[in-house]
Amino acid sequence: MGPHPAVAAIRLAVRRVLHDVVTEHNRHTEQAGHAEFAEAGAGARRSALPERPGTPLVLVACSGGADSMALASALAFESRKLPVRAGGITVDHNLQPGSGLRADEVVARLADMRLDPVEAVAVRVGRDGGPEAAARDARYAALDAAAERLGAAAVLLGHTRDDQAETVLLGLARGSGIRSLSGMAAASGPAGRYRRPFLQLDRQTARKACLVQSIPVWDDPHNIDPAYTRSRLRHEGLPALEKALGKGVVEALARTAQLSRDDADALDTWAAEAAGSVRDDDGRLECAKLSVLPPAVRRRVLRRAVIDAGSPAGSLFARHIEEVDRLITGWRGQGAINLPGRVEVRRQGGRLVIRQS
(Lines give C-alpha, C1' and ligand atoms only; values in the text may rest on other atoms or scores of the structure.)
Protein backbone atom coordinates (compact mmCIF):
# COMPACT_ATOMS: atom_id res chain seq x y z
CA MET A 1 0.00 0.00 0.00
CA GLY A 2 1.40 3.35 -1.04
CA PRO A 3 1.54 6.59 0.95
CA HIS A 4 -1.50 8.74 1.64
CA PRO A 5 -2.49 10.81 -1.46
CA ALA A 6 -1.48 14.06 0.26
CA VAL A 7 1.95 12.64 1.12
CA ALA A 8 2.37 11.29 -2.40
CA ALA A 9 1.49 14.70 -3.85
CA ILE A 10 4.02 16.66 -1.82
CA ARG A 11 6.75 14.10 -2.47
CA LEU A 12 6.15 14.18 -6.21
CA ALA A 13 6.29 17.98 -6.26
CA VAL A 14 9.61 17.98 -4.40
CA ARG A 15 11.02 15.12 -6.48
CA ARG A 16 10.47 17.13 -9.66
CA VAL A 17 12.32 20.13 -8.26
CA LEU A 18 15.20 18.01 -7.00
CA HIS A 19 15.58 16.41 -10.42
CA ASP A 20 15.83 19.91 -11.90
CA VAL A 21 18.47 20.91 -9.34
CA VAL A 22 20.55 17.79 -10.01
CA THR A 23 20.30 18.27 -13.78
CA GLU A 24 21.38 21.91 -13.54
CA HIS A 25 24.22 21.04 -11.19
CA ASN A 26 25.55 18.36 -13.53
CA ARG A 27 25.30 20.65 -16.54
CA HIS A 28 27.17 23.45 -14.81
CA THR A 29 29.81 21.04 -13.56
CA GLU A 30 30.37 19.64 -17.05
CA GLN A 31 30.54 23.12 -18.57
CA ALA A 32 33.10 24.21 -15.98
CA GLY A 33 35.12 21.05 -16.56
CA HIS A 34 35.15 21.48 -20.31
CA ALA A 35 36.17 25.12 -19.94
CA GLU A 36 39.13 24.19 -17.73
CA PHE A 37 40.07 21.36 -20.08
CA ALA A 38 40.05 23.75 -23.05
CA GLU A 39 42.26 26.21 -21.16
CA ALA A 40 44.75 23.43 -20.45
CA GLY A 41 45.39 23.11 -24.17
CA ALA A 42 44.42 20.74 -26.93
CA GLY A 43 47.17 18.28 -25.98
CA ALA A 44 46.09 17.87 -22.36
CA ARG A 45 44.88 14.46 -21.26
CA ARG A 46 41.17 14.13 -20.43
CA SER A 47 42.21 12.68 -17.05
CA ALA A 48 43.37 16.20 -16.24
CA LEU A 49 39.75 17.27 -15.86
CA PRO A 50 39.01 18.45 -12.31
CA GLU A 51 37.15 16.09 -10.05
CA ARG A 52 33.40 16.78 -9.90
CA PRO A 53 32.38 18.79 -6.85
CA GLY A 54 30.25 17.11 -4.20
CA THR A 55 26.52 16.60 -4.58
CA PRO A 56 24.45 19.80 -4.46
CA LEU A 57 23.06 21.01 -1.15
CA VAL A 58 19.34 21.84 -1.05
CA LEU A 59 17.97 23.73 1.94
CA VAL A 60 14.38 24.00 3.09
CA ALA A 61 13.28 27.29 4.64
CA CYS A 62 11.12 26.13 7.54
CA SER A 63 9.03 28.22 9.90
CA GLY A 64 7.53 25.22 11.69
CA GLY A 65 4.15 25.76 10.03
CA ALA A 66 2.28 23.04 8.15
CA ASP A 67 3.40 24.12 4.66
CA SER A 68 7.11 24.23 5.43
CA MET A 69 7.10 21.14 7.68
CA ALA A 70 5.39 19.17 4.91
CA LEU A 71 8.04 20.47 2.55
CA ALA A 72 10.83 19.46 4.93
CA SER A 73 9.45 15.96 5.30
CA ALA A 74 9.21 15.51 1.54
CA LEU A 75 12.74 16.83 1.04
CA ALA A 76 14.09 14.46 3.70
CA PHE A 77 12.38 11.49 2.03
CA GLU A 78 13.24 12.27 -1.59
CA SER A 79 16.83 13.36 -0.99
CA ARG A 80 17.73 9.82 0.15
CA LYS A 81 16.99 8.54 -3.35
CA LEU A 82 18.84 11.23 -5.30
CA PRO A 83 22.39 12.61 -5.40
CA VAL A 84 21.59 15.63 -3.24
CA ARG A 85 22.32 16.69 0.32
CA ALA A 86 19.39 18.11 2.28
CA GLY A 87 19.48 20.69 5.05
CA GLY A 88 17.23 23.25 6.68
CA ILE A 89 17.14 26.86 7.82
CA THR A 90 14.65 28.50 10.16
CA VAL A 91 14.58 32.26 10.59
CA ASP A 92 13.80 33.73 14.01
CA HIS A 93 12.27 37.17 13.38
CA ASN A 94 12.28 38.06 17.09
CA LEU A 95 8.76 39.46 16.75
CA GLN A 96 7.05 37.32 19.39
CA PRO A 97 7.89 36.19 22.92
CA GLY A 98 9.56 32.80 22.92
CA SER A 99 10.48 32.95 19.24
CA GLY A 100 14.00 31.71 19.99
CA LEU A 101 12.66 28.61 21.73
CA ARG A 102 10.35 27.86 18.81
CA ALA A 103 13.27 28.21 16.40
CA ASP A 104 15.22 25.69 18.49
CA GLU A 105 12.24 23.31 18.33
CA VAL A 106 12.14 23.60 14.55
CA VAL A 107 15.87 22.87 14.36
CA ALA A 108 15.38 19.76 16.51
CA ARG A 109 12.52 18.51 14.33
CA LEU A 110 14.51 19.03 11.15
CA ALA A 111 17.47 17.23 12.67
CA ASP A 112 15.16 14.35 13.61
CA MET A 113 14.33 14.11 9.89
CA ARG A 114 18.07 13.62 9.34
CA LEU A 115 18.51 16.91 7.54
CA ASP A 116 22.05 18.25 7.77
CA PRO A 117 23.12 21.02 8.09
CA VAL A 118 20.30 22.58 10.10
CA GLU A 119 20.49 26.11 11.48
CA ALA A 120 18.41 28.78 13.19
CA VAL A 121 19.21 32.35 12.12
CA ALA A 122 18.03 35.31 14.19
CA VAL A 123 17.31 38.60 12.40
CA ARG A 124 16.34 42.13 13.32
CA VAL A 125 13.24 43.32 11.46
CA GLY A 126 13.20 46.96 10.40
CA ARG A 127 10.22 49.19 9.60
CA ASP A 128 10.62 50.08 5.93
CA GLY A 129 7.54 49.24 3.86
CA GLY A 130 5.43 48.13 6.82
CA PRO A 131 5.73 45.11 9.15
CA GLU A 132 5.01 42.41 6.56
CA ALA A 133 7.42 43.77 3.94
CA ALA A 134 10.12 44.43 6.55
CA ALA A 135 9.87 40.89 7.92
CA ARG A 136 10.00 39.47 4.39
CA ASP A 137 13.08 41.54 3.52
CA ALA A 138 14.87 40.44 6.69
CA ARG A 139 13.95 36.80 6.08
CA TYR A 140 15.21 36.72 2.50
CA ALA A 141 18.40 38.53 3.46
CA ALA A 142 19.05 35.84 6.08
CA LEU A 143 18.25 33.02 3.65
CA ASP A 144 20.52 34.55 0.99
CA ALA A 145 23.37 34.83 3.48
CA ALA A 146 22.90 31.25 4.69
CA ALA A 147 22.73 29.89 1.15
CA GLU A 148 25.94 31.69 0.20
CA ARG A 149 27.75 30.61 3.37
CA LEU A 150 26.72 26.97 3.04
CA GLY A 151 27.07 26.81 -0.72
CA ALA A 152 23.47 25.76 -1.30
CA ALA A 153 22.32 25.12 -4.85
CA ALA A 154 18.69 25.81 -3.97
CA VAL A 155 16.40 26.89 -1.14
CA LEU A 156 12.91 25.39 -1.09
CA LEU A 157 9.99 27.57 0.01
CA GLY A 158 6.61 26.25 1.09
CA HIS A 159 4.33 28.70 -0.74
CA THR A 160 1.12 27.00 -1.85
CA ARG A 161 -1.55 27.70 -4.44
CA ASP A 162 -3.49 29.56 -1.73
CA ASP A 163 -0.51 31.85 -1.11
CA GLN A 164 -0.32 32.46 -4.86
CA ALA A 165 -3.99 33.46 -4.99
CA GLU A 166 -3.49 35.88 -2.11
CA THR A 167 -0.44 37.38 -3.83
CA VAL A 168 -2.42 37.96 -7.03
CA LEU A 169 -5.21 39.73 -5.14
CA LEU A 170 -2.70 41.90 -3.28
CA GLY A 171 -1.11 42.87 -6.60
CA LEU A 172 -4.52 43.65 -8.05
CA ALA A 173 -5.32 45.89 -5.08
CA ARG A 174 -2.07 47.83 -5.58
CA GLY A 175 -2.82 48.36 -9.25
CA SER A 176 0.80 47.57 -10.07
CA GLY A 177 0.28 45.96 -13.48
CA ILE A 178 0.59 42.54 -15.02
CA ARG A 179 3.88 41.66 -13.30
CA SER A 180 2.19 41.93 -9.89
CA LEU A 181 -0.67 39.75 -11.15
CA SER A 182 1.86 37.09 -12.11
CA GLY A 183 2.38 36.32 -8.43
CA MET A 184 5.32 34.23 -7.28
CA ALA A 185 7.57 32.41 -9.72
CA ALA A 186 8.30 28.71 -9.35
CA ALA A 187 11.98 29.73 -9.39
CA SER A 188 13.32 33.14 -8.41
CA GLY A 189 16.27 34.88 -6.81
CA PRO A 190 19.93 34.74 -7.80
CA ALA A 191 20.39 31.98 -10.41
CA GLY A 192 16.93 30.64 -9.56
CA ARG A 193 18.00 29.89 -6.00
CA TYR A 194 14.48 29.91 -4.54
CA ARG A 195 12.21 27.05 -5.61
CA ARG A 196 8.51 26.74 -4.79
CA PRO A 197 7.42 23.12 -5.33
CA PHE A 198 3.92 23.57 -3.86
CA LEU A 199 2.51 26.33 -6.09
CA GLN A 200 0.17 23.78 -7.71
CA LEU A 201 -0.91 22.29 -4.36
CA ASP A 202 -3.42 23.76 -1.94
CA ARG A 203 -2.71 24.55 1.67
CA GLN A 204 -4.98 21.76 2.88
CA THR A 205 -2.88 19.13 1.12
CA ALA A 206 0.23 20.21 3.01
CA ARG A 207 -1.63 20.25 6.32
CA LYS A 208 -3.12 16.81 5.65
CA ALA A 209 0.34 15.43 4.82
CA CYS A 210 1.59 16.59 8.22
CA LEU A 211 -1.44 15.13 9.98
CA VAL A 212 -1.17 11.65 8.50
CA GLN A 213 2.58 11.56 9.19
CA SER A 214 2.10 12.80 12.78
CA ILE A 215 4.37 15.80 12.14
CA PRO A 216 3.89 18.53 14.76
CA VAL A 217 3.22 21.97 13.32
CA TRP A 218 3.12 25.48 14.73
CA ASP A 219 0.35 27.89 13.77
CA ASP A 220 1.78 31.40 13.73
CA PRO A 221 -0.68 33.76 15.48
CA HIS A 222 0.31 36.48 12.99
CA ASN A 223 -1.46 34.43 10.33
CA ILE A 224 -4.81 35.14 11.98
CA ASP A 225 -4.03 38.66 13.22
CA PRO A 226 -6.31 41.17 11.41
CA ALA A 227 -3.61 43.80 11.78
CA TYR A 228 -1.86 42.16 8.82
CA THR A 229 -3.21 42.68 5.30
CA ARG A 230 -2.56 39.14 4.12
CA SER A 231 -4.27 37.73 7.21
CA ARG A 232 -7.41 39.79 6.53
CA LEU A 233 -7.38 38.69 2.92
CA ARG A 234 -6.96 35.03 3.90
CA HIS A 235 -9.71 34.93 6.51
CA GLU A 236 -12.13 37.56 5.21
CA GLY A 237 -11.42 38.52 1.60
CA LEU A 238 -11.04 35.13 -0.09
CA PRO A 239 -13.94 33.50 1.80
CA ALA A 240 -16.15 36.44 0.75
CA LEU A 241 -15.11 36.00 -2.89
CA GLU A 242 -15.84 32.28 -2.76
CA LYS A 243 -19.22 32.97 -1.21
CA ALA A 244 -20.07 35.46 -3.95
CA LEU A 245 -18.50 33.67 -6.92
CA GLY A 246 -18.49 30.04 -5.87
CA LYS A 247 -15.70 27.54 -5.34
CA GLY A 248 -12.72 27.62 -7.62
CA VAL A 249 -11.61 31.20 -6.98
CA VAL A 250 -8.21 30.14 -5.64
CA GLU A 251 -7.55 27.88 -8.63
CA ALA A 252 -8.64 30.61 -11.05
CA LEU A 253 -6.38 33.19 -9.42
CA ALA A 254 -3.41 30.82 -9.53
CA ARG A 255 -4.13 30.16 -13.20
CA THR A 256 -4.28 33.92 -13.79
CA ALA A 257 -0.86 34.22 -12.18
CA GLN A 258 0.70 31.78 -14.65
CA LEU A 259 -0.95 33.37 -17.69
CA SER A 260 0.10 36.83 -16.50
CA ARG A 261 3.66 35.64 -15.93
CA ASP A 262 3.89 34.28 -19.48
CA ASP A 263 2.64 37.61 -20.89
CA ALA A 264 4.90 39.67 -18.61
CA ASP A 265 7.96 37.60 -19.57
CA ALA A 266 7.24 38.14 -23.26
CA LEU A 267 6.81 41.89 -22.79
CA ASP A 268 10.01 42.08 -20.71
CA THR A 269 11.91 40.39 -23.52
CA TRP A 270 10.46 42.82 -26.07
CA ALA A 271 11.36 45.78 -23.86
CA ALA A 272 14.92 44.55 -23.36
CA GLU A 273 15.36 44.30 -27.13
CA ALA A 274 13.81 47.74 -27.69
CA ALA A 275 15.84 49.51 -24.99
CA GLY A 276 18.97 49.78 -27.10
CA SER A 277 17.15 51.19 -30.14
CA VAL A 278 15.63 54.19 -28.34
CA ARG A 279 18.89 55.74 -27.10
CA ASP A 280 21.12 58.32 -28.72
CA ASP A 281 24.88 58.02 -29.12
CA ASP A 282 25.35 59.21 -25.52
CA GLY A 283 22.99 56.57 -24.16
CA ARG A 284 20.10 58.95 -23.37
CA LEU A 285 16.52 57.93 -24.04
CA GLU A 286 15.00 59.73 -27.03
CA CYS A 287 11.39 60.75 -26.49
CA ALA A 288 10.41 60.55 -30.17
CA LYS A 289 11.58 56.95 -30.42
CA LEU A 290 9.97 56.03 -27.11
CA SER A 291 6.64 57.51 -28.16
CA VAL A 292 6.12 54.99 -30.97
CA LEU A 293 6.60 51.96 -28.73
CA PRO A 294 3.48 50.20 -27.40
CA PRO A 295 2.70 51.61 -23.92
CA ALA A 296 3.37 48.30 -22.14
CA VAL A 297 6.81 48.05 -23.74
CA ARG A 298 7.66 51.73 -23.27
CA ARG A 299 6.83 51.68 -19.57
CA ARG A 300 9.04 48.65 -19.07
CA VAL A 301 11.92 50.46 -20.75
CA LEU A 302 11.33 53.46 -18.47
CA ARG A 303 11.07 51.33 -15.35
CA ARG A 304 14.36 49.55 -16.08
CA ALA A 305 16.05 52.89 -16.79
CA VAL A 306 15.07 54.45 -13.47
CA ILE A 307 15.97 51.29 -11.54
CA ASP A 308 19.38 51.32 -13.20
CA ALA A 309 19.72 54.93 -12.07
CA GLY A 310 19.24 53.92 -8.43
CA SER A 311 15.50 53.80 -7.73
CA PRO A 312 14.65 50.74 -5.55
CA ALA A 313 12.43 48.32 -7.46
CA GLY A 314 10.38 47.52 -4.36
CA SER A 315 9.46 51.17 -3.85
CA LEU A 316 8.68 51.91 -7.49
CA PHE A 317 4.97 51.69 -8.30
CA ALA A 318 2.85 52.02 -11.43
CA ARG A 319 1.93 55.62 -10.56
CA HIS A 320 5.61 56.59 -10.59
CA ILE A 321 6.16 55.15 -14.07
CA GLU A 322 2.94 56.78 -15.31
CA GLU A 323 4.29 60.19 -14.26
CA VAL A 324 7.54 59.55 -16.13
CA ASP A 325 5.57 58.28 -19.13
CA ARG A 326 3.67 61.57 -19.28
CA LEU A 327 6.95 63.34 -19.98
CA ILE A 328 6.73 61.55 -23.32
CA THR A 329 3.03 61.19 -24.07
CA GLY A 330 1.66 64.30 -22.33
CA TRP A 331 4.51 66.79 -22.56
CA ARG A 332 3.42 70.31 -21.57
CA GLY A 333 6.69 71.66 -20.24
CA GLN A 334 6.26 70.09 -16.79
CA GLY A 335 9.14 69.94 -14.35
CA ALA A 336 11.21 67.04 -13.12
CA ILE A 337 9.65 63.89 -11.65
CA ASN A 338 11.07 62.86 -8.27
CA LEU A 339 11.19 59.11 -7.67
CA PRO A 340 12.15 56.85 -4.73
CA GLY A 341 15.89 56.59 -4.18
CA ARG A 342 16.39 60.31 -4.90
CA VAL A 343 16.17 59.66 -8.63
CA GLU A 344 15.09 62.60 -10.78
CA VAL A 345 13.72 62.40 -14.33
CA ARG A 346 13.30 65.44 -16.55
CA ARG A 347 12.76 66.03 -20.25
CA GLN A 348 15.42 68.12 -21.88
CA GLY A 349 16.04 68.69 -25.58
CA GLY A 350 13.74 65.83 -26.61
CA ARG A 351 15.55 63.38 -24.35
CA LEU A 352 15.05 62.05 -20.85
CA VAL A 353 17.71 62.95 -18.30
CA ILE A 354 17.67 60.42 -15.47
CA ARG A 355 20.01 60.92 -12.55
CA GLN A 356 20.34 60.39 -8.83
CA SER A 357 20.70 63.49 -6.68
# chains A, B, ... in the order shown; residues from 1 in each chain; ligands from 1
$ select_by_dssp --residues "region 265-322 of chain A" --states "helix (DSSP H, G or I)" --output "ChimeraX atom specification"
/A:265-278,287-291,295-308,313-315,318-322
$ select_by_dssp --residues "region 117-252 of chain A" --states "strand (DSSP E or B)" --output "list of chain:residue names"
A:Val118, A:Glu119, A:Ala120, A:Val121, A:Ala122, A:Ala152, A:Ala153, A:Ala154, A:Val155, A:Leu156, A:Ala187, A:Ser188, A:Tyr194, A:Arg195
$ residues_around --residues "Glu119 (chain A)" --least-positions-apart "3" --cutoff "12 Å" --atoms "only C-alpha atoms" --output "number ranges by chain"
A: 59-63, 87-92, 103-111, 115-116, 122, 142-143, 146-147, 149-150
$ closest_residue --among "A:Ser68, A:Asn223, A:Ser231, A:Thr205" --to "Ala9 (chain A)" --atoms "only C-alpha atoms"
A:Thr205
$ residues_around --residues "Asp262 (chain A)" --least-positions-apart "5" --cutoff "9 Å" --atoms "only C-alpha atoms" --output "number ranges by chain"
A: 182, 257, 267
$ write_last_selection --atoms "N, CA, C and O atoms" --output "CSV table (one decimal), in the first residue's frame"
chain,number,residue,atom,x,y,z
A,182,SER,N,1.2,38.4,-11.8
A,182,SER,CA,1.9,37.1,-12.1
A,182,SER,C,2.3,36.4,-10.8
A,182,SER,O,2.7,35.2,-10.9
A,257,ALA,N,-2.3,33.9,-12.5
A,257,ALA,CA,-0.9,34.2,-12.2
A,257,ALA,C,0.1,33.6,-13.3
A,257,ALA,O,0.9,34.3,-13.8
A,267,LEU,N,6.7,40.4,-22.7
A,267,LEU,CA,6.8,41.9,-22.8
A,267,LEU,C,8.2,42.4,-22.3
A,267,LEU,O,8.8,43.3,-22.8
$ residues_around --residues "region 312-318 of chain A" --least-positions-apart "5" --cutoff "7 Å" --atoms "only C-alpha atoms" --output "list of chain:residue names"
A:Ser176, A:Gly177, A:Ile307, A:Pro340, A:Gly341
$ closest_residue --among "A:Ala252, A:Ala209, A:Val353, A:Ala244" --to "Arg161 (chain A)" --atoms "only C-alpha atoms"
A:Ala252
$ residues_around --residues "Glu344 (chain A)" --least-positions-apart "5" --cutoff "9 Å" --atoms "only C-alpha atoms" --output "list in words"
Val306, Ala336, Ile337, Asn338, Leu339, Val353, Ile354, Arg355, Gln356 and Ser357 of chain A
$ write_last_selection --atoms "N, CA and C atoms" --output "PDB file, in the first residue's frame"
ATOM      1  N   VAL A 306      15.019  53.765 -14.762  1.00  0.00           N
ATOM      2  CA  VAL A 306      15.067  54.453 -13.473  1.00  0.00           C
ATOM      3  C   VAL A 306      15.605  53.539 -12.371  1.00  0.00           C
ATOM      4  N   ALA A 336      10.638  68.355 -13.366  1.00  0.00           N
ATOM      5  CA  ALA A 336      11.205  67.040 -13.123  1.00  0.00           C
ATOM      6  C   ALA A 336      10.290  66.173 -12.262  1.00  0.00           C
ATOM      7  N   ILE A 337      10.382  64.877 -12.461  1.00  0.00           N
ATOM      8  CA  ILE A 337       9.652  63.891 -11.655  1.00  0.00           C
ATOM      9  C   ILE A 337      10.621  63.337 -10.622  1.00  0.00           C
ATOM     10  N   ASN A 338      10.237  63.393  -9.345  1.00  0.00           N
ATOM     11  CA  ASN A 338      11.065  62.861  -8.266  1.00  0.00           C
ATOM     12  C   ASN A 338      10.591  61.455  -7.904  1.00  0.00           C
ATOM     13  N   LEU A 339      11.514  60.510  -7.905  1.00  0.00           N
ATOM     14  CA  LEU A 339      11.194  59.105  -7.671  1.00  0.00           C
ATOM     15  C   LEU A 339      11.898  58.596  -6.421  1.00  0.00           C
ATOM     16  N   VAL A 353      16.505  62.907 -19.138  1.00  0.00           N
ATOM     17  CA  VAL A 353      17.707  62.951 -18.298  1.00  0.00           C
ATOM     18  C   VAL A 353      17.331  62.303 -16.990  1.00  0.00           C
ATOM     19  N   ILE A 354      17.968  61.184 -16.683  1.00  0.00           N
ATOM     20  CA  ILE A 354      17.668  60.417 -15.469  1.00  0.00           C
ATOM     21  C   ILE A 354      18.919  60.379 -14.620  1.00  0.00           C
ATOM     22  N   ARG A 355      18.815  60.902 -13.404  1.00  0.00           N
ATOM     23  CA  ARG A 355      20.012  60.925 -12.554  1.00  0.00           C
ATOM     24  C   ARG A 355      19.592  60.882 -11.091  1.00  0.00           C
ATOM     25  N   GLN A 356      20.535  60.463 -10.277  1.00  0.00           N
ATOM     26  CA  GLN A 356      20.339  60.392  -8.834  1.00  0.00           C
ATOM     27  C   GLN A 356      20.972  61.596  -8.187  1.00  0.00           C
ATOM     28  N   SER A 357      20.196  62.282  -7.329  1.00  0.00           N
ATOM     29  CA  SER A 357      20.699  63.495  -6.684  1.00  0.00           C
ATOM     30  C   SER A 357      21.555  63.143  -5.468  1.00  0.00           C
TER      31      SER A 357
END
$ residues_around --residues "region 1-8 of chain A" --least-positions-apart "2" --cutoff "7 Å" --atoms "only C-alpha atoms" --output "CSV table (one decimal) with N, CA, C and O atoms, in the first residue's frame"
chain,number,residue,atom,x,y,z
A,10,ILE,N,2.9,15.8,-2.2
A,10,ILE,CA,4.0,16.7,-1.8
A,10,ILE,C,5.4,16.1,-2.2
A,10,ILE,O,6.3,16.8,-2.6
A,11,ARG,N,5.5,14.7,-2.1
A,11,ARG,CA,6.8,14.1,-2.5
A,11,ARG,C,7.0,14.2,-4.0
A,11,ARG,O,8.1,14.5,-4.4
A,12,LEU,N,6.0,14.1,-4.8
A,12,LEU,CA,6.1,14.2,-6.2
A,12,LEU,C,6.6,15.6,-6.6
A,12,LEU,O,7.5,15.8,-7.4
A,205,THR,N,-3.7,20.3,1.4
A,205,THR,CA,-2.9,19.1,1.1
A,205,THR,C,-1.6,19.0,2.0
A,205,THR,O,-1.3,18.0,2.5
A,206,ALA,N,-1.0,20.2,2.2
A,206,ALA,CA,0.2,20.2,3.0
A,206,ALA,C,-0.1,19.9,4.5
A,206,ALA,O,0.6,19.1,5.1
A,208,LYS,N,-2.7,18.2,5.5
A,208,LYS,CA,-3.1,16.8,5.6
A,208,LYS,C,-1.9,15.9,5.7
A,208,LYS,O,-1.8,14.9,6.4
A,209,ALA,N,-0.9,16.2,4.9
A,209,ALA,CA,0.3,15.4,4.8
A,209,ALA,C,1.0,15.4,6.2
A,209,ALA,O,1.6,14.4,6.6
$ atom_distance --atom1 "CA of Asp325 (chain A)" --atom2 "CA of Gly189 (chain A)"
28.5 Å
$ closest_residue --among "A:His93, A:Arg193, A:Arg304, A:Arg174" --to "Ala134 (chain A)" --atoms "only C-alpha atoms"
A:His93
$ closest_atom_pairs --of "region 123-231 of chain A" --to "region 16-32 of chain A" --cutoff "9 Å" --atoms "only C-alpha atoms" --output "Markdown table"
| residue | atom | partner | partner_atom | distance |
| --- | --- | --- | --- | --- |
| A:Ala153 | CA | A:Val21 | CA | 7.3 |
| A:Ala154 | CA | A:Val21 | CA | 7.3 |
| A:Leu156 | CA | A:Val17 | CA | 8.9 |
| A:Arg195 | CA | A:Val17 | CA | 7.4 |
| A:Arg196 | CA | A:Val17 | CA | 8.4 |
| A:Pro197 | CA | A:Val17 | CA | 6.4 |
$ closest_residue --among "A:Glu166, A:Asp281, A:Glu273, A:Asp268" --to "Arg234 (chain A)" --atoms "only C-alpha atoms"
A:Glu166
$ atom_distance --atom1 "CA of Gly151 (chain A)" --atom2 "CA of Phe77 (chain A)"
21.4 Å
$ closest_residue --among "A:Pro131, A:Gly276, A:Arg207, A:Glu236" --to "Ile224 (chain A)" --atoms "only C-alpha atoms"
A:Glu236
$ closest_residue --among "A:Arg136, A:Lys289, A:Lys243, A:Arg232" --to "Val123 (chain A)" --atoms "only C-alpha atoms"
A:Arg136
